[in-house]
$ cat upload_5.pdb   # PDB, C-alpha atoms
ATOM      1  CA  MET A  18    -212.550   6.642  29.830  1.00  0.00           C
ATOM      2  CA  LEU A  19    -211.224   9.962  31.034  1.00  0.00           C
ATOM      3  CA  ILE A  20    -213.333  11.444  33.854  1.00  0.00           C
ATOM      4  CA  VAL A  21    -212.712  14.920  35.264  1.00  0.00           C
ATOM      5  CA  THR A  22    -214.527  17.255  37.616  1.00  0.00           C
ATOM      6  CA  SER A  23    -213.522  20.300  35.565  1.00  0.00           C
ATOM      7  CA  ASN A  24    -215.505  21.636  32.601  1.00  0.00           C
ATOM      8  CA  GLU A  25    -212.538  21.222  30.253  1.00  0.00           C
ATOM      9  CA  ILE A  26    -209.660  18.784  29.868  1.00  0.00           C
ATOM     10  CA  PRO A  27    -206.267  20.468  29.450  1.00  0.00           C
ATOM     11  CA  GLY A  28    -204.646  19.503  26.165  1.00  0.00           C
ATOM     12  CA  HIS A  29    -207.898  18.223  24.665  1.00  0.00           C
ATOM     13  CA  ARG A  30    -210.594  19.699  22.474  1.00  0.00           C
ATOM     14  CA  ILE A  31    -214.211  18.717  23.047  1.00  0.00           C
ATOM     15  CA  ASP A  32    -215.390  17.586  19.619  1.00  0.00           C
ATOM     16  CA  ALA A  33    -218.909  16.380  20.525  1.00  0.00           C
ATOM     17  CA  VAL A  34    -221.268  16.668  23.493  1.00  0.00           C
ATOM     18  CA  PHE A  35    -223.664  13.783  24.149  1.00  0.00           C
ATOM     19  CA  GLY A  36    -225.425  15.229  27.192  1.00  0.00           C
ATOM     20  CA  GLU A  37    -225.808  14.324  30.825  1.00  0.00           C
ATOM     21  CA  VAL A  38    -225.071  10.792  31.969  1.00  0.00           C
ATOM     22  CA  MET A  39    -225.539   9.323  35.401  1.00  0.00           C
ATOM     23  CA  GLY A  40    -225.317   6.257  37.556  1.00  0.00           C
ATOM     24  CA  LEU A  41    -227.624   5.741  40.509  1.00  0.00           C
ATOM     25  CA  THR A  42    -228.039   3.274  43.342  1.00  0.00           C
ATOM     26  CA  VAL A  43    -230.169   3.145  46.454  1.00  0.00           C
ATOM     27  CA  ARG A  44    -228.791   1.021  49.255  1.00  0.00           C
ATOM     28  CA  SER A  45    -230.304  -0.163  52.472  1.00  0.00           C
ATOM     29  CA  ARG A  46    -228.035  -0.434  55.458  1.00  0.00           C
ATOM     30  CA  ASP A  47    -227.107  -3.865  56.747  1.00  0.00           C
ATOM     31  CA  ILE A  48    -228.498  -4.089  60.286  1.00  0.00           C
ATOM     32  CA  GLY A  49    -225.342  -5.833  61.564  1.00  0.00           C
ATOM     33  CA  SER A  50    -223.021  -3.222  60.105  1.00  0.00           C
ATOM     34  CA  GLN A  51    -225.313  -0.464  61.318  1.00  0.00           C
ATOM     35  CA  MET A  52    -225.274  -1.794  64.895  1.00  0.00           C
ATOM     36  CA  LEU A  53    -221.482  -2.263  64.859  1.00  0.00           C
ATOM     37  CA  ALA A  54    -221.023   1.240  63.447  1.00  0.00           C
ATOM     38  CA  GLY A  55    -223.346   2.571  66.153  1.00  0.00           C
ATOM     39  CA  PHE A  56    -221.128   1.083  68.862  1.00  0.00           C
ATOM     40  CA  ARG A  57    -217.972   2.391  67.157  1.00  0.00           C
ATOM     41  CA  SER A  58    -219.459   5.876  66.897  1.00  0.00           C
ATOM     42  CA  LEU A  59    -219.558   6.100  70.706  1.00  0.00           C
ATOM     43  CA  GLY A  60    -215.755   6.245  70.744  1.00  0.00           C
ATOM     44  CA  GLY A  61    -215.413   8.512  67.702  1.00  0.00           C
ATOM     45  CA  GLY A  62    -213.260   7.953  64.635  1.00  0.00           C
ATOM     46  CA  GLU A  63    -213.824   6.277  61.295  1.00  0.00           C
ATOM     47  CA  LEU A  64    -216.592   3.751  60.765  1.00  0.00           C
ATOM     48  CA  PRO A  65    -214.931   1.225  58.417  1.00  0.00           C
ATOM     49  CA  GLU A  66    -218.162  -0.670  57.678  1.00  0.00           C
ATOM     50  CA  MET A  67    -219.903   2.503  56.495  1.00  0.00           C
ATOM     51  CA  THR A  68    -216.797   3.691  54.627  1.00  0.00           C
ATOM     52  CA  LYS A  69    -216.651   0.393  52.734  1.00  0.00           C
ATOM     53  CA  ALA A  70    -220.373   0.568  51.867  1.00  0.00           C
ATOM     54  CA  LEU A  71    -220.060   4.135  50.570  1.00  0.00           C
ATOM     55  CA  TYR A  72    -216.899   3.328  48.598  1.00  0.00           C
ATOM     56  CA  GLU A  73    -218.574   0.336  46.930  1.00  0.00           C
ATOM     57  CA  SER A  74    -221.656   2.422  46.133  1.00  0.00           C
ATOM     58  CA  ARG A  75    -219.538   5.110  44.490  1.00  0.00           C
ATOM     59  CA  GLN A  76    -217.658   2.535  42.402  1.00  0.00           C
ATOM     60  CA  GLU A  77    -220.975   1.033  41.279  1.00  0.00           C
ATOM     61  CA  VAL A  78    -222.520   4.352  40.218  1.00  0.00           C
ATOM     62  CA  MET A  79    -219.305   5.371  38.428  1.00  0.00           C
ATOM     63  CA  ALA A  80    -219.410   2.135  36.414  1.00  0.00           C
ATOM     64  CA  ARG A  81    -223.054   2.747  35.502  1.00  0.00           C
ATOM     65  CA  MET A  82    -222.310   6.330  34.452  1.00  0.00           C
ATOM     66  CA  VAL A  83    -219.337   5.224  32.320  1.00  0.00           C
ATOM     67  CA  ASN A  84    -221.441   2.497  30.683  1.00  0.00           C
ATOM     68  CA  GLU A  85    -224.108   5.038  29.724  1.00  0.00           C
ATOM     69  CA  ALA A  86    -221.465   7.399  28.315  1.00  0.00           C
ATOM     70  CA  GLN A  87    -219.862   4.615  26.268  1.00  0.00           C
ATOM     71  CA  GLN A  88    -223.246   3.617  24.849  1.00  0.00           C
ATOM     72  CA  ARG A  89    -223.620   7.172  23.563  1.00  0.00           C
ATOM     73  CA  GLY A  90    -220.175   7.105  21.925  1.00  0.00           C
ATOM     74  CA  ALA A  91    -218.304   9.236  24.470  1.00  0.00           C
ATOM     75  CA  ASN A  92    -214.668   8.785  25.416  1.00  0.00           C
ATOM     76  CA  ALA A  93    -214.694  11.207  28.361  1.00  0.00           C
ATOM     77  CA  ILE A  94    -216.937  12.722  31.029  1.00  0.00           C
ATOM     78  CA  VAL A  95    -216.531  16.331  32.163  1.00  0.00           C
ATOM     79  CA  ALA A  96    -218.042  18.159  35.157  1.00  0.00           C
ATOM     80  CA  MET A  97    -218.446  14.857  37.035  1.00  0.00           C
ATOM     81  CA  ARG A  98    -220.041  15.073  40.486  1.00  0.00           C
ATOM     82  CA  PHE A  99    -221.267  12.798  43.264  1.00  0.00           C
ATOM     83  CA  ASP A 100    -224.466  13.330  45.186  1.00  0.00           C
ATOM     84  CA  THR A 101    -225.679  11.391  48.208  1.00  0.00           C
ATOM     85  CA  SER A 102    -228.857  11.697  50.204  1.00  0.00           C
ATOM     86  CA  GLU A 103    -230.806   9.842  52.851  1.00  0.00           C
ATOM     87  CA  MET A 104    -234.097   8.281  51.845  1.00  0.00           C
ATOM     88  CA  GLY A 105    -236.007   7.356  54.963  1.00  0.00           C
ATOM     89  CA  THR A 106    -234.125   6.048  57.964  1.00  0.00           C
ATOM     90  CA  ASN A 107    -232.308   3.107  56.356  1.00  0.00           C
ATOM     91  CA  TRP A 108    -231.823   3.978  52.677  1.00  0.00           C
ATOM     92  CA  THR A 109    -229.040   5.962  51.074  1.00  0.00           C
ATOM     93  CA  GLU A 110    -229.065   7.183  47.491  1.00  0.00           C
ATOM     94  CA  VAL A 111    -225.734   7.626  45.721  1.00  0.00           C
ATOM     95  CA  CYS A 112    -225.561   9.286  42.312  1.00  0.00           C
ATOM     96  CA  ALA A 113    -222.665  10.092  39.970  1.00  0.00           C
ATOM     97  CA  TYR A 114    -223.362  12.435  37.058  1.00  0.00           C
ATOM     98  CA  GLY A 115    -221.553  14.459  34.439  1.00  0.00           C
ATOM     99  CA  THR A 116    -221.524  15.420  30.776  1.00  0.00           C
ATOM    100  CA  ALA A 117    -220.555  12.766  28.225  1.00  0.00           C
ATOM    101  CA  VAL A 118    -218.234  14.144  25.536  1.00  0.00           C
ATOM    102  CA  TYR A 119    -215.886  13.031  22.780  1.00  0.00           C
ATOM    103  CA  VAL A 120    -212.460  14.649  23.149  1.00  0.00           C
ATOM    104  CA  LEU A 121    -209.463  14.809  20.844  1.00  0.00           C
ATOM    105  CA  PRO A 122    -205.946  15.341  22.215  1.00  0.00           C
ATOM    106  CA  LEU A 123    -204.145  18.402  20.865  1.00  0.00           C
ATOM    107  CA  GLY A 124    -200.961  17.707  18.924  1.00  0.00           C
ATOM    108  CA  GLU A 125    -197.570  19.335  19.073  1.00  0.00           C
ATOM    109  CA  GLY A 126    -197.687  22.991  18.062  1.00  0.00           C
ATOM    110  CA  GLU A 127    -201.445  23.339  18.630  1.00  0.00           C
ATOM    111  CA  PRO A 128    -202.415  26.089  21.087  1.00  0.00           C
ATOM    112  CA  GLY A 129    -203.233  24.532  24.463  1.00  0.00           C
ATOM    113  CA  ALA A 130    -201.334  21.279  23.825  1.00  0.00           C
ATOM    114  CA  THR A 131    -199.812  19.614  26.874  1.00  0.00           C
ATOM    115  CA  GLY A 132    -197.030  17.051  27.186  1.00  0.00           C
ATOM    116  CA  GLN A 133    -199.651  14.371  27.756  1.00  0.00           C
ATOM    117  CA  SER A 134    -201.757  15.333  24.721  1.00  0.00           C
ATOM    118  CA  VAL A 135    -198.684  15.478  22.471  1.00  0.00           C
ATOM    119  CA  TYR A 136    -197.677  12.007  23.686  1.00  0.00           C
ATOM    120  CA  LEU A 137    -201.201  10.689  23.019  1.00  0.00           C
ATOM    121  CA  THR A 138    -201.274  12.057  19.474  1.00  0.00           C
ATOM    122  CA  LYS A 139    -197.830  10.614  18.691  1.00  0.00           C
ATOM    123  CA  THR A 140    -198.794   7.224  20.152  1.00  0.00           C
ATOM    124  CA  ALA A 141    -202.028   7.175  18.138  1.00  0.00           C
ATOM    125  CA  ALA A 142    -200.136   8.039  14.943  1.00  0.00           C
ATOM    126  CA  GLN A 143    -197.763   5.096  15.479  1.00  0.00           C
ATOM    127  CA  GLN A 144    -200.547   2.526  15.949  1.00  0.00           C
ATOM    128  CA  PRO A 145    -201.901   0.777  12.859  1.00  0.00           C
ATOM    129  CA  ALA A 146    -205.311   1.939  11.715  1.00  0.00           C
ATOM    130  CA  GLN A 147    -208.255  -0.040  13.039  1.00  0.00           C
ATOM    131  CA  PRO A 148    -210.010  -2.069  10.344  1.00  0.00           C
ATOM    132  CA  GLN A 149    -213.345  -0.623   9.333  1.00  0.00           C
ATOM    133  CA  ARG A 150    -216.419  -2.457  10.497  1.00  0.00           C
ATOM    134  CA  PRO A 151    -218.127  -4.244   7.582  1.00  0.00           C
ATOM    135  CA  GLU A 152    -221.575  -2.996   6.608  1.00  0.00           C
ATOM    136  CA  GLN A 153    -223.025  -6.511   6.426  1.00  0.00           C
ATOM    137  CA  PRO A 154    -222.379  -9.084   9.138  1.00  0.00           C
ATOM    138  CA  GLN A 155    -220.078 -11.818   7.958  1.00  0.00           C
ATOM    139  CA  GLN A 156    -221.370 -15.371   7.858  1.00  0.00           C
ATOM    140  CA  PHE A 157    -219.687 -17.873  10.145  1.00  0.00           C
ATOM    141  CA  THR A 158    -218.174 -20.769   8.236  1.00  0.00           C
ATOM    142  CA  PRO A 159    -217.254 -23.733  10.434  1.00  0.00           C
ATOM    143  CA  PRO A 160    -213.781 -25.144   9.853  1.00  0.00           C
ATOM    144  CA  THR A 161    -213.515 -28.255   7.729  1.00  0.00           C
ATOM    145  CA  PRO A 162    -212.627 -31.281   9.873  1.00  0.00           C
ATOM    146  CA  PRO A 163    -209.293 -32.983   9.067  1.00  0.00           C
ATOM    147  CA  ALA A 164    -209.396 -35.917   6.674  1.00  0.00           C
ATOM    148  CA  GLN A 165    -207.864 -38.268   9.246  1.00  0.00           C
ATOM    149  CA  PRO A 166    -208.173 -37.823  13.010  1.00  0.00           C
ATOM    150  CA  HIS A 167    -205.020 -37.286  15.020  1.00  0.00           C
ATOM    151  CA  GLN A 168    -203.880 -40.215  17.113  1.00  0.00           C
ATOM    152  CA  PHE A 169    -202.288 -39.616  20.492  1.00  0.00           C
TER     153      PHE A 169
END
$ encode --input "upload_5.pdb" --output "structure tokens"
Amino acid sequence: MLIVTSNEIPGHRIDAVFGEVMGLTVRSRDIGSQMLAGFRSLGGGELPEMTKALYESRQEVMARMVNEAQQRGANAIVAMRFDTSEMGTNWTEVCAYGTAVYVLPLGEGEPGATGQSVYLTKTAAQQPAQPQRPEQPQQFTPPTPPAQPHQF
């Protein structure tokens, strides 16, 4: 899934808009990490325990946002943003949000095409077509066992 913070994707045309999607988590701070970070903050510098917690939270909300976009049929998210806020003294909310869209890469000769979009259209043209999904689910037929068992 292509995710950008801009409102457009160079070399692509937005073909469908599915609306806002988001991922959200609320985390409480681990008392041990919080105490260790408190001691580290006396000397200044990065707080690796808090950095790790925030990084993991952002990865989690991104995955949730992408999952929601895929469920709607999107292949990209534009105008993606993060938002964080404190909830009480020990809780942190992390949110990722954006607009779920379906984009098509522009081919060679189309106004606005980029090297990347031309490559994507050529690559897609070289791949065999995906088989169409059948309207009715197919019945599972178990394989017929061999007439004589194999001996090892």
$ resolve_selection --input "upload_5.pdb" --expression "the PyMOL selection byres ((chain A and resi 104-108) around 6)" --output "compact mmCIF listing (two decimals) with C-alpha atoms, in the frame of the given file"
# COMPACT_ATOMS: atom_id res chain seq x y z
CA ARG A 44 -228.79 1.02 49.26
CA SER A 45 -230.30 -0.16 52.47
CA ARG A 46 -228.04 -0.43 55.46
CA GLU A 103 -230.81 9.84 52.85
CA THR A 109 -229.04 5.96 51.07
$ closest_residue --input "upload_5.pdb" --among "A:Ile26, A:Ile31, A:Met79, A:Ala142" --to "A:Gly115" --atoms "all atoms listed in the file"
A:Met79
$ closest_residue --input "upload_5.pdb" --among "A:Asn84, A:Thr140, A:Asn24, A:Ser102" --to "A:Thr116" --atoms "all atoms listed in the file"
A:Asn24
$ closest_residue --input "upload_5.pdb" --among "A:Leu71, A:Glu125, A:Ala117, A:Val135" --to "A:Gln88" --atoms "all atoms listed in the file"
A:Ala117
$ resolve_selection --input "upload_5.pdb" --expression "the PyMOL selection byres ((chain A and resi 101) around 6)" --output "list in words"
Asp100, Ser102, Glu110 and Val111 of chain A
$ resolve_selection --input "upload_5.pdb" --expression "the PyMOL selection byres ((chain A and resi 120) around 12)" --output "PyMOL selection string"
chain A and resi 18-20+25-35+90-95+116-119+121-123+134+137
$ atom_distance --input "upload_5.pdb" --atom1 "atom CA of A:Thr68" --atom2 "atom CA of A:Glu37"
27.6 Å
$ atom_distance --input "upload_5.pdb" --atom1 "atom CA of A:Val21" --atom2 "atom CA of A:Pro65"
27.0 Å
$ atom_distance --input "upload_5.pdb" --atom1 "atom CA of A:Tyr114" --atom2 "atom CA of A:Phe99"
6.6 Å
$ closest_residue --input "upload_5.pdb" --among "A:Met97, A:Ala70, A:Leu64, A:Ala86" --to "A:Cys112" --atoms "only C-alpha atoms"
A:Met97
$ residues_around --input "upload_5.pdb" --residues "A:Glu77" --least-positions-apart "5" --cutoff "9 Å" --atoms "only C-alpha atoms" --output "PyMOL selection string"
chain A and resi 40-42+72+82
